[in-house]
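Student: File target_7.tsv below, TSV, C-alpha atoms and all ligand atoms:
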```tsv
chain	number	residue	atom	x	y	z
H	16	MET	CA	112.69	-53.51	30.51
H	17	GLU	CA	112.77	-52.63	34.22
H	18	THR	CA	115.04	-49.64	33.96
H	19	GLU	CA	114.52	-48.15	37.39
H	20	SER	CA	114.35	-49.87	40.74
H	21	ILE	CA	111.18	-49.89	42.83
H	22	ALA	CA	113.02	-47.82	45.45
H	23	LYS	CA	113.89	-45.18	42.86
H	24	ARG	CA	110.34	-45.04	41.53
H	25	LEU	CA	108.92	-44.74	45.04
H	26	GLU	CA	111.27	-41.84	45.66
H	27	THR	CA	110.07	-40.14	42.46
H	28	ILE	CA	106.40	-40.64	43.35
H	29	ARG	CA	106.89	-39.33	46.88
H	30	ALA	CA	108.55	-36.21	45.47
H	31	GLN	CA	105.68	-35.72	43.01
H	32	ILE	CA	103.12	-36.11	45.80
H	33	HIS	CA	105.03	-33.54	47.88
H	34	ASP	CA	105.16	-31.06	44.97
H	35	ALA	CA	101.44	-31.50	44.29
H	36	GLU	CA	100.65	-30.93	47.99
H	37	ILE	CA	102.62	-27.67	47.96
H	38	LYS	CA	101.20	-26.47	44.63
H	39	SER	CA	97.61	-27.05	45.69
H	40	GLY	CA	98.02	-25.49	49.11
H	41	ARG	CA	97.73	-28.76	50.97
H	42	THR	CA	99.70	-29.54	54.12
H	43	PRO	CA	102.84	-31.50	53.23
H	44	GLY	CA	102.35	-35.08	54.39
H	45	SER	CA	98.54	-34.91	54.19
H	46	VAL	CA	98.40	-37.34	51.27
H	47	ARG	CA	99.27	-40.98	51.95
H	48	LEU	CA	100.53	-43.41	49.37
H	49	CYS	CA	98.99	-46.82	48.90
H	50	ALA	CA	101.26	-48.98	46.72
H	51	VAL	CA	99.08	-51.22	44.56
H	52	SER	CA	100.96	-54.51	44.19
H	53	LYS	CA	98.32	-56.59	42.38
H	54	PHE	CA	99.81	-58.96	39.80
H	55	HIS	CA	103.30	-58.32	41.15
H	56	PRO	CA	105.26	-60.98	43.01
H	57	VAL	CA	105.95	-60.91	46.73
H	58	GLN	CA	109.58	-59.95	46.02
H	59	ALA	CA	108.35	-56.65	44.61
H	60	VAL	CA	106.45	-55.99	47.85
H	61	VAL	CA	109.57	-56.81	49.88
H	62	GLU	CA	111.56	-54.34	47.78
H	63	ALA	CA	108.99	-51.63	48.42
H	64	ILE	CA	108.93	-52.36	52.16
H	65	GLU	CA	112.73	-52.17	52.26
H	66	ALA	CA	112.38	-48.75	50.61
H	67	GLY	CA	110.13	-47.58	53.44
H	68	GLN	CA	106.67	-48.25	51.98
H	69	VAL	CA	104.14	-49.42	54.57
H	70	LEU	CA	100.69	-49.38	52.95
H	71	PHE	CA	99.75	-51.73	50.12
H	72	GLY	CA	96.62	-52.25	48.07
H	73	GLU	CA	95.45	-55.42	46.35
H	74	ASN	CA	92.25	-55.95	44.46
H	75	ARG	CA	91.88	-59.72	44.45
H	76	VAL	CA	91.40	-61.27	47.87
H	77	GLN	CA	92.89	-64.65	47.05
H	78	GLU	CA	96.06	-63.13	45.65
H	79	ALA	CA	96.34	-60.66	48.53
H	80	SER	CA	95.86	-63.29	51.18
H	81	SER	CA	98.43	-65.76	49.85
H	82	LYS	CA	100.96	-63.07	48.89
H	83	PHE	CA	100.87	-61.31	52.24
H	84	SER	CA	100.97	-64.50	54.32
H	85	GLU	CA	104.06	-65.51	52.35
H	86	LEU	CA	105.45	-62.05	52.98
H	87	GLN	CA	105.19	-62.57	56.74
H	88	THR	CA	107.51	-65.57	56.48
H	89	ILE	CA	110.25	-63.63	54.67
H	90	CYS	CA	110.01	-60.08	55.98
H	91	SER	CA	109.49	-58.95	59.56
H	92	LYS	CA	108.90	-55.25	58.88
H	93	PRO	CA	105.38	-53.96	59.51
H	94	TYR	CA	102.96	-53.38	56.67
H	95	GLN	CA	99.28	-52.57	56.16
H	96	LEU	CA	97.05	-54.08	53.54
H	97	HIS	CA	93.93	-52.55	52.00
H	98	ILE	CA	91.56	-54.42	49.71
H	99	ILE	CA	90.59	-52.13	46.83
H	100	GLY	CA	88.76	-54.43	44.40
H	101	THR	CA	85.09	-55.36	44.11
H	102	LEU	CA	84.29	-58.14	46.57
H	103	GLN	CA	82.43	-61.34	45.91
H	104	ARG	CA	80.58	-62.40	49.02
H	105	ASN	CA	82.40	-65.71	49.32
H	106	LYS	CA	85.72	-63.80	49.61
H	107	ILE	CA	84.70	-61.47	52.40
H	108	LYS	CA	85.82	-63.63	55.31
H	109	ARG	CA	89.30	-63.89	53.87
H	110	ALA	CA	89.37	-60.18	53.11
H	111	VAL	CA	88.49	-59.37	56.73
H	112	GLU	CA	91.22	-61.74	57.92
H	113	CYS	CA	94.04	-60.28	55.86
H	114	ALA	CA	93.27	-56.55	55.51
H	115	SER	CA	93.10	-53.58	57.86
H	116	CYS	CA	90.74	-51.73	55.53
H	117	ILE	CA	88.34	-52.66	52.76
H	118	GLN	CA	88.03	-49.65	50.47
H	119	SER	CA	85.60	-51.18	47.98
H	120	VAL	CA	82.32	-51.51	49.88
H	121	ASP	CA	79.65	-50.97	47.24
H	122	ARG	CA	76.52	-52.63	48.68
H	123	ILE	CA	74.92	-53.18	52.05
H	124	GLU	CA	75.20	-56.99	51.90
H	125	VAL	CA	78.97	-56.65	51.73
H	126	LEU	CA	78.96	-54.44	54.81
H	127	GLU	CA	76.71	-56.88	56.66
H	128	ASP	CA	79.07	-59.75	55.86
H	129	ILE	CA	82.12	-57.71	56.86
H	130	GLN	CA	80.48	-57.00	60.23
H	131	LYS	CA	79.60	-60.67	60.71
H	132	HIS	CA	83.12	-61.92	60.00
H	133	ALA	CA	84.84	-59.11	61.90
H	134	ALA	CA	82.71	-59.91	64.95
H	135	SER	CA	83.53	-63.61	64.84
H	136	LEU	CA	87.24	-62.80	64.43
H	137	GLN	CA	86.94	-60.24	67.25
H	138	LYS	CA	88.55	-57.70	64.97
H	139	ASN	CA	87.81	-54.11	64.14
H	140	ILE	CA	88.10	-53.24	60.52
H	141	GLU	CA	88.04	-50.00	58.56
H	142	ILE	CA	85.97	-49.59	55.44
H	143	MET	CA	85.39	-47.02	52.73
H	144	PHE	CA	82.41	-46.70	50.46
H	145	GLU	CA	83.30	-46.94	46.79
H	146	MET	CA	81.37	-44.43	44.72
H	147	HIS	CA	80.65	-44.47	41.03
H	148	THR	CA	81.68	-41.02	39.80
H	149	GLY	CA	82.72	-41.48	36.18
H	150	GLU	CA	80.76	-42.49	33.11
H	151	GLU	CA	82.97	-45.34	31.91
H	152	SER	CA	83.65	-47.07	35.19
H	153	LYS	CA	81.28	-49.78	36.36
H	154	ALA	CA	82.23	-50.13	39.99
H	155	GLY	CA	80.79	-48.32	42.94
H	156	ILE	CA	77.59	-47.06	44.52
H	157	LEU	CA	75.52	-45.25	41.91
H	158	CYS	CA	73.56	-42.69	43.83
H	159	ALA	CA	74.12	-40.42	46.79
H	160	ASP	CA	70.89	-41.46	48.53
H	161	GLU	CA	72.07	-45.03	48.66
H	162	LEU	CA	75.32	-43.85	50.29
H	163	TYR	CA	73.38	-41.81	52.85
H	164	ALA	CA	71.17	-44.80	53.65
H	165	TYR	CA	74.25	-46.95	54.36
H	166	ALA	CA	75.84	-44.17	56.38
H	167	GLU	CA	72.68	-43.85	58.44
H	168	ARG	CA	72.89	-47.49	59.41
H	169	CYS	CA	76.55	-47.03	60.34
H	170	ALA	CA	75.69	-43.95	62.40
H	171	ASN	CA	72.96	-45.99	64.15
H	172	GLY	CA	75.57	-48.46	65.33
H	173	ASP	CA	74.45	-51.39	63.17
H	174	PHE	CA	78.05	-52.33	62.41
H	175	PRO	CA	79.96	-52.16	65.71
H	176	ASN	CA	83.14	-53.84	64.40
H	177	VAL	CA	83.37	-51.54	61.40
H	178	THR	CA	84.78	-48.00	61.25
H	179	VAL	CA	83.90	-45.96	58.19
H	180	THR	CA	86.97	-43.90	57.36
H	181	GLY	CA	86.35	-42.56	53.87
H	182	LEU	CA	85.14	-42.67	50.32
H	183	MET	CA	86.91	-44.20	47.36
H	184	THR	CA	86.49	-43.74	43.63
H	185	MET	CA	88.08	-44.44	40.30
H	186	ALA	CA	88.03	-41.65	37.73
H	187	PRO	CA	87.12	-42.54	34.16
H	188	LEU	CA	89.93	-43.83	31.99
H	189	THR	CA	90.19	-40.88	29.65
H	190	GLN	CA	92.54	-38.14	28.46
H	191	ASP	CA	89.82	-35.63	29.27
H	192	THR	CA	91.24	-33.90	32.36
H	193	ASN	CA	87.97	-32.11	33.02
H	194	ALA	CA	86.06	-35.37	33.22
H	195	ILE	CA	88.65	-36.72	35.67
H	196	LYS	CA	88.45	-33.54	37.73
H	197	ARG	CA	84.65	-33.70	37.83
H	198	SER	CA	84.81	-37.25	39.09
H	199	PHE	CA	87.11	-36.29	41.98
H	200	GLU	CA	85.03	-33.19	42.73
H	201	THR	CA	81.93	-35.35	42.95
H	202	LEU	CA	83.59	-37.52	45.59
H	203	ARG	CA	84.72	-34.51	47.60
H	204	LYS	CA	81.22	-33.02	47.57
H	205	LEU	CA	79.74	-36.33	48.67
H	206	GLN	CA	82.17	-36.34	51.58
H	207	GLU	CA	81.12	-32.80	52.56
H	208	THR	CA	77.44	-33.65	52.47
H	209	LEU	CA	78.00	-36.88	54.36
H	210	ASN	CA	79.88	-35.07	57.11
H	211	GLN	CA	77.09	-32.48	57.40
H	212	LYS	CA	74.39	-35.12	57.58
H	213	PHE	CA	76.24	-37.43	59.96
H	214	PRO	CA	78.57	-35.37	62.16
H	215	GLY	CA	79.02	-38.35	64.48
H	216	LEU	CA	80.48	-40.41	61.64
H	217	PRO	CA	83.56	-38.47	60.59
H	218	VAL	CA	84.59	-39.50	57.10
H	219	ARG	CA	88.06	-38.10	56.60
H	220	GLU	CA	89.66	-40.05	53.79
H	221	LEU	CA	89.25	-39.45	50.10
H	222	SER	CA	90.88	-42.38	48.36
H	223	MET	CA	91.29	-41.13	44.81
H	224	GLY	CA	94.06	-40.91	42.25
H	225	MET	CA	96.01	-43.61	40.42
H	226	SER	CA	99.25	-43.58	38.37
H	227	ALA	CA	97.77	-41.51	35.55
H	228	ASP	CA	95.74	-38.98	37.53
H	229	PHE	CA	97.06	-38.68	41.08
H	230	ILE	CA	98.28	-35.08	40.68
H	231	THR	CA	94.76	-33.99	39.69
H	232	ALA	CA	93.36	-36.03	42.59
H	233	ILE	CA	95.63	-34.25	45.08
H	234	GLU	CA	94.51	-30.88	43.70
H	235	GLN	CA	90.93	-32.01	44.32
H	236	GLY	CA	91.53	-33.04	47.94
H	237	SER	CA	92.70	-36.66	47.84
H	238	THR	CA	94.14	-37.94	51.12
H	239	LEU	CA	95.14	-41.35	49.79
H	240	VAL	CA	96.47	-42.09	46.33
H	241	ARG	CA	96.53	-45.68	45.04
H	242	ILE	CA	99.48	-46.15	42.72
H	243	GLY	CA	100.51	-49.37	41.01
H	244	THR	CA	102.10	-49.07	37.59
H	245	ALA	CA	104.22	-46.01	38.35
H	246	ILE	CA	105.86	-47.92	41.23
H	247	PHE	CA	105.98	-51.55	40.12
H	248	GLY	CA	105.92	-51.21	36.33
H	249	GLU	CA	103.43	-52.87	34.00
H	250	ARG	CA	101.45	-55.64	35.63
H	251	GLN	CA	102.69	-59.14	34.86
H	252	TYR	CA	99.37	-60.83	34.21
H	253	GLY	CA	99.82	-64.53	34.70
H	254	ALA	CA	102.94	-64.17	36.82
H	255	VAL	CA	101.04	-64.34	40.10
H	256	GLN	CA	98.62	-67.07	41.06
H	257	ALA	CA	95.24	-65.88	42.22
X	1	LIG	C1	94.87	-51.33	39.90
X	1	LIG	C2	94.22	-50.29	40.70
X	1	LIG	C3	94.91	-49.10	41.02
X	1	LIG	C4	96.30	-48.77	40.53
X	1	LIG	O1	96.29	-48.46	39.17
X	1	LIG	P1	97.60	-47.92	38.40
X	1	LIG	O2	97.05	-47.28	37.20
X	1	LIG	O3	98.44	-49.11	38.11
X	1	LIG	O4	98.30	-46.97	39.30
X	1	LIG	C5	94.25	-48.20	41.84
X	1	LIG	N1	93.00	-48.41	42.30
X	1	LIG	C6	92.32	-49.55	42.01
X	1	LIG	C7	90.95	-49.73	42.56
X	1	LIG	C8	92.90	-50.51	41.20
X	1	LIG	O5	92.20	-51.62	40.90
```
Starting from the file, lay out its structure as structure tokens.
Tutor:
Amino acid sequence: METESIAKRLETIRAQIHDAEIKSGRTPGSVRLCAVSKFHPVQAVVEAIEAGQVLFGENRVQEASSKFSELQTICSKPYQLHIIGTLQRNKIKRAVECASCIQSVDRIEVLEDIQKHAASLQKNIEIMFEMHTGEESKAGILCADELYAYAERCANGDFPNVTVTGLMTMAPLTQDTNAIKRSFETLRKLQETLNQKFPGLPVRELSMGMSADFITAIEQGSTLVRIGTAIFGERQYGAVQA
């Protein structure tokens, strides 16, 4: 079933990202690739690292933590790990330990816990706020005012071990390109407003775009696309212990 290697698929994706950057008038290299390795074994991550991939995304903390600590015993090349899935509070300590960025901050309690654990680990950690921008999706902060309230606390210095780097969203799962576009546009406008309201809290990243919609996301200003299936193939549910 696996017809193409991970290296080959990565090469294809990188070329598509480059083309989309050019076509939409973006600077080549302005869009980073986060390879989403959830439900894929550590060997798949090693293959991607060997092919030059550095940044990975996982959405379950348990799986991420055990997979990437195993990785460190078999591969010495550097990598970065972002957590991209909704966090239960009892998983936050482990998330802070294993990741350099948590993209899926969707409530203030999560941010408070991240700060607490980052402080006790004497670590600085990046976060993004996950926004709800599409009808079908359930995840993310629902309203802009809530986002601004969180940002205000960040701007006030309430979370000294946390750096807010961006906003993340998932577009609705639909064939309707306009609905997908609107979702990405919403995130970009939120970023603009946020940067006007809080100039001391520069929010530069727009984490948006997955296997099915990353070209549209790049047209709409994405700086970080999160791609799983198009790199690693269909997820092997059950193949990886959580
Ligand atoms: C799984 C996942 C992705 C990757 O999805 P693909 O369709 O496999 O590219 C991206 N973002 C989040 C938040 C995910 O959970």
Student: Would you kindly return, as a CSV table (one decimal) with C-alpha atoms, in the frame of the given file, each protein, DNA or RNA residue with an atom no farther than 10 Å from any atom of Gln103 (chain H), considering all atoms listed in the file and excluding same-chain residues fewer than 2 positions away?
Tutor:
```
chain,number,residue,atom,x,y,z
H,75,ARG,CA,91.9,-59.7,44.4
H,76,VAL,CA,91.4,-61.3,47.9
H,100,GLY,CA,88.8,-54.4,44.4
H,101,THR,CA,85.1,-55.4,44.1
H,105,ASN,CA,82.4,-65.7,49.3
H,106,LYS,CA,85.7,-63.8,49.6
H,107,ILE,CA,84.7,-61.5,52.4
H,125,VAL,CA,79.0,-56.6,51.7
```
Student: Using only C-alpha atoms, give me every residue within 12 Å of (73.3, -42.6, 53.2) in file coordinates, as a list in words.
Tutor: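 So the residues meeting the distance criterion are Arg122, Ile123, Phe144, Met146, Ile156, Leu157, Cys158, Ala159, Asp160, Glu161, Leu162, Tyr163, Ala164, Tyr165, Ala166, Glu167, Arg168, Cys169, Ala170, Asn171, Leu205, Gln206, Thr208, Leu209, Asn210, Gln211, Lys212, Phe213 and Leu216 of chain H.
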Student: Considering only C-alpha atoms and all ligand atoms, state which residue in the set H:Val177, H:Ala134, H:Ile99, H:Ala63 is at the smallest distance from ligand LIG 1 (chain X).
Tutor: H:Ile99
Student: Using all atoms listed in the file, find each residue of chain H with at least one atom at most 7 Å away from an atom of ligand LIG 1 (chain X); report its shortest atom-to-atom pair and that distance in Å (one decimal), sort the rows by chain and rising residue number, and return the result as a tab-separated table.
Tutor:
```
residue	atom	partner	partner_atom	distance
H:Val51	CA	X:LIG1	C4	5.5
H:Lys53	CA	X:LIG1	C1	6.8
H:Asn74	CA	X:LIG1	O5	5.6
H:Ile99	CA	X:LIG1	C7	4.9
H:Gly100	CA	X:LIG1	C7	5.5
H:Met185	CA	X:LIG1	C7	6.4
H:Met225	CA	X:LIG1	O4	4.2
H:Ser226	CA	X:LIG1	O4	3.6
H:Ala227	CA	X:LIG1	O2	6.0
H:Arg241	CA	X:LIG1	C5	4.7
H:Ile242	CA	X:LIG1	O4	3.7
H:Gly243	CA	X:LIG1	O3	3.6
H:Thr244	CA	X:LIG1	O3	3.7
H:Ala245	CA	X:LIG1	O4	6.1
```
Student: Please, what distance in Å, to one decimal, runs between CA of Thr238 (chain H) and CA of Ser52 (chain H)?
Tutor: 19.2 Å
Student: Would you compute, for all listed atoms of region 229-243 of chain H, the axis-aligned bounding box grown by 4 Å on each side, and then report its centre and edge lengths in Å rounded to one decimal, as lines of an AutoDock Vina configuration file?
Tutor:
```
center_x = 95.7
center_y = -40.1
center_z = 45.4
size_x = 17.6
size_y = 26.5
size_z = 19.4
```
Student: Do you know which residues are at most 9 Å from Ala50 (chain H) counting all atoms listed in the file, after dropping those on the same chain fewer than 6 positions away, and could you put them as number ranges by chain?
Tutor: H: 25, 60, 63, 68-73, 240-243, 246-247
Student: In Å, how far is it from CA of Ser119 (chain H) to CA of Leu188 (chain H)?
Tutor: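 About the pair CA of Ser119 (chain H) and CA of Leu188 (chain H): they are 18.1 Å apart.
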Student: For Gly215 (chain H), which residue among H:Ala232, H:Leu202, H:Val179, H:Glu112 is the nearest when counting all atoms listed in the file?
Tutor: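 The closest residue to Gly215 (chain H) is H:Val179.
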Student: Could you check the closest approach to Leu221 (chain H) for each of H:Met143, H:Ala154, H:Ala79, H:Cys49 and tell me which residue wins, using all atoms listed in the file?
Tutor: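 Under the stated criterion, the closest residue is H:Met143.
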Student: Rounded to one decimal place, report the CA of Cys113 (chain H)-CA of Gly149 (chain H) distance in Å.
Tutor: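 Between CA of Cys113 (chain H) and CA of Gly149 (chain H) the gap is 29.5 Å.
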Student: Between H:Ile230, H:Val111, H:Cys116, H:Ala66, single out the one closest to Gln130 (chain H), counting only C-alpha atoms.
Tutor: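 Among H:Ile230, H:Val111, H:Cys116, H:Ala66, it is H:Val111 that comes nearest to Gln130 (chain H).
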Student: So which residues are close to (92.2, -36.7, 46.2), meaning at most 7 Å away in the file's coordinates with only C-alpha atoms counted, and can you show them as a list of chain:residue names?
Tutor: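 These residues have at least one counted atom within 7 Å: H:Phe199, H:Leu221, H:Ser222, H:Met223, H:Gly224, H:Ala232, H:Ile233, H:Glu234, H:Gln235, H:Gly236, H:Ser237, H:Thr238, H:Leu239, H:Val240.
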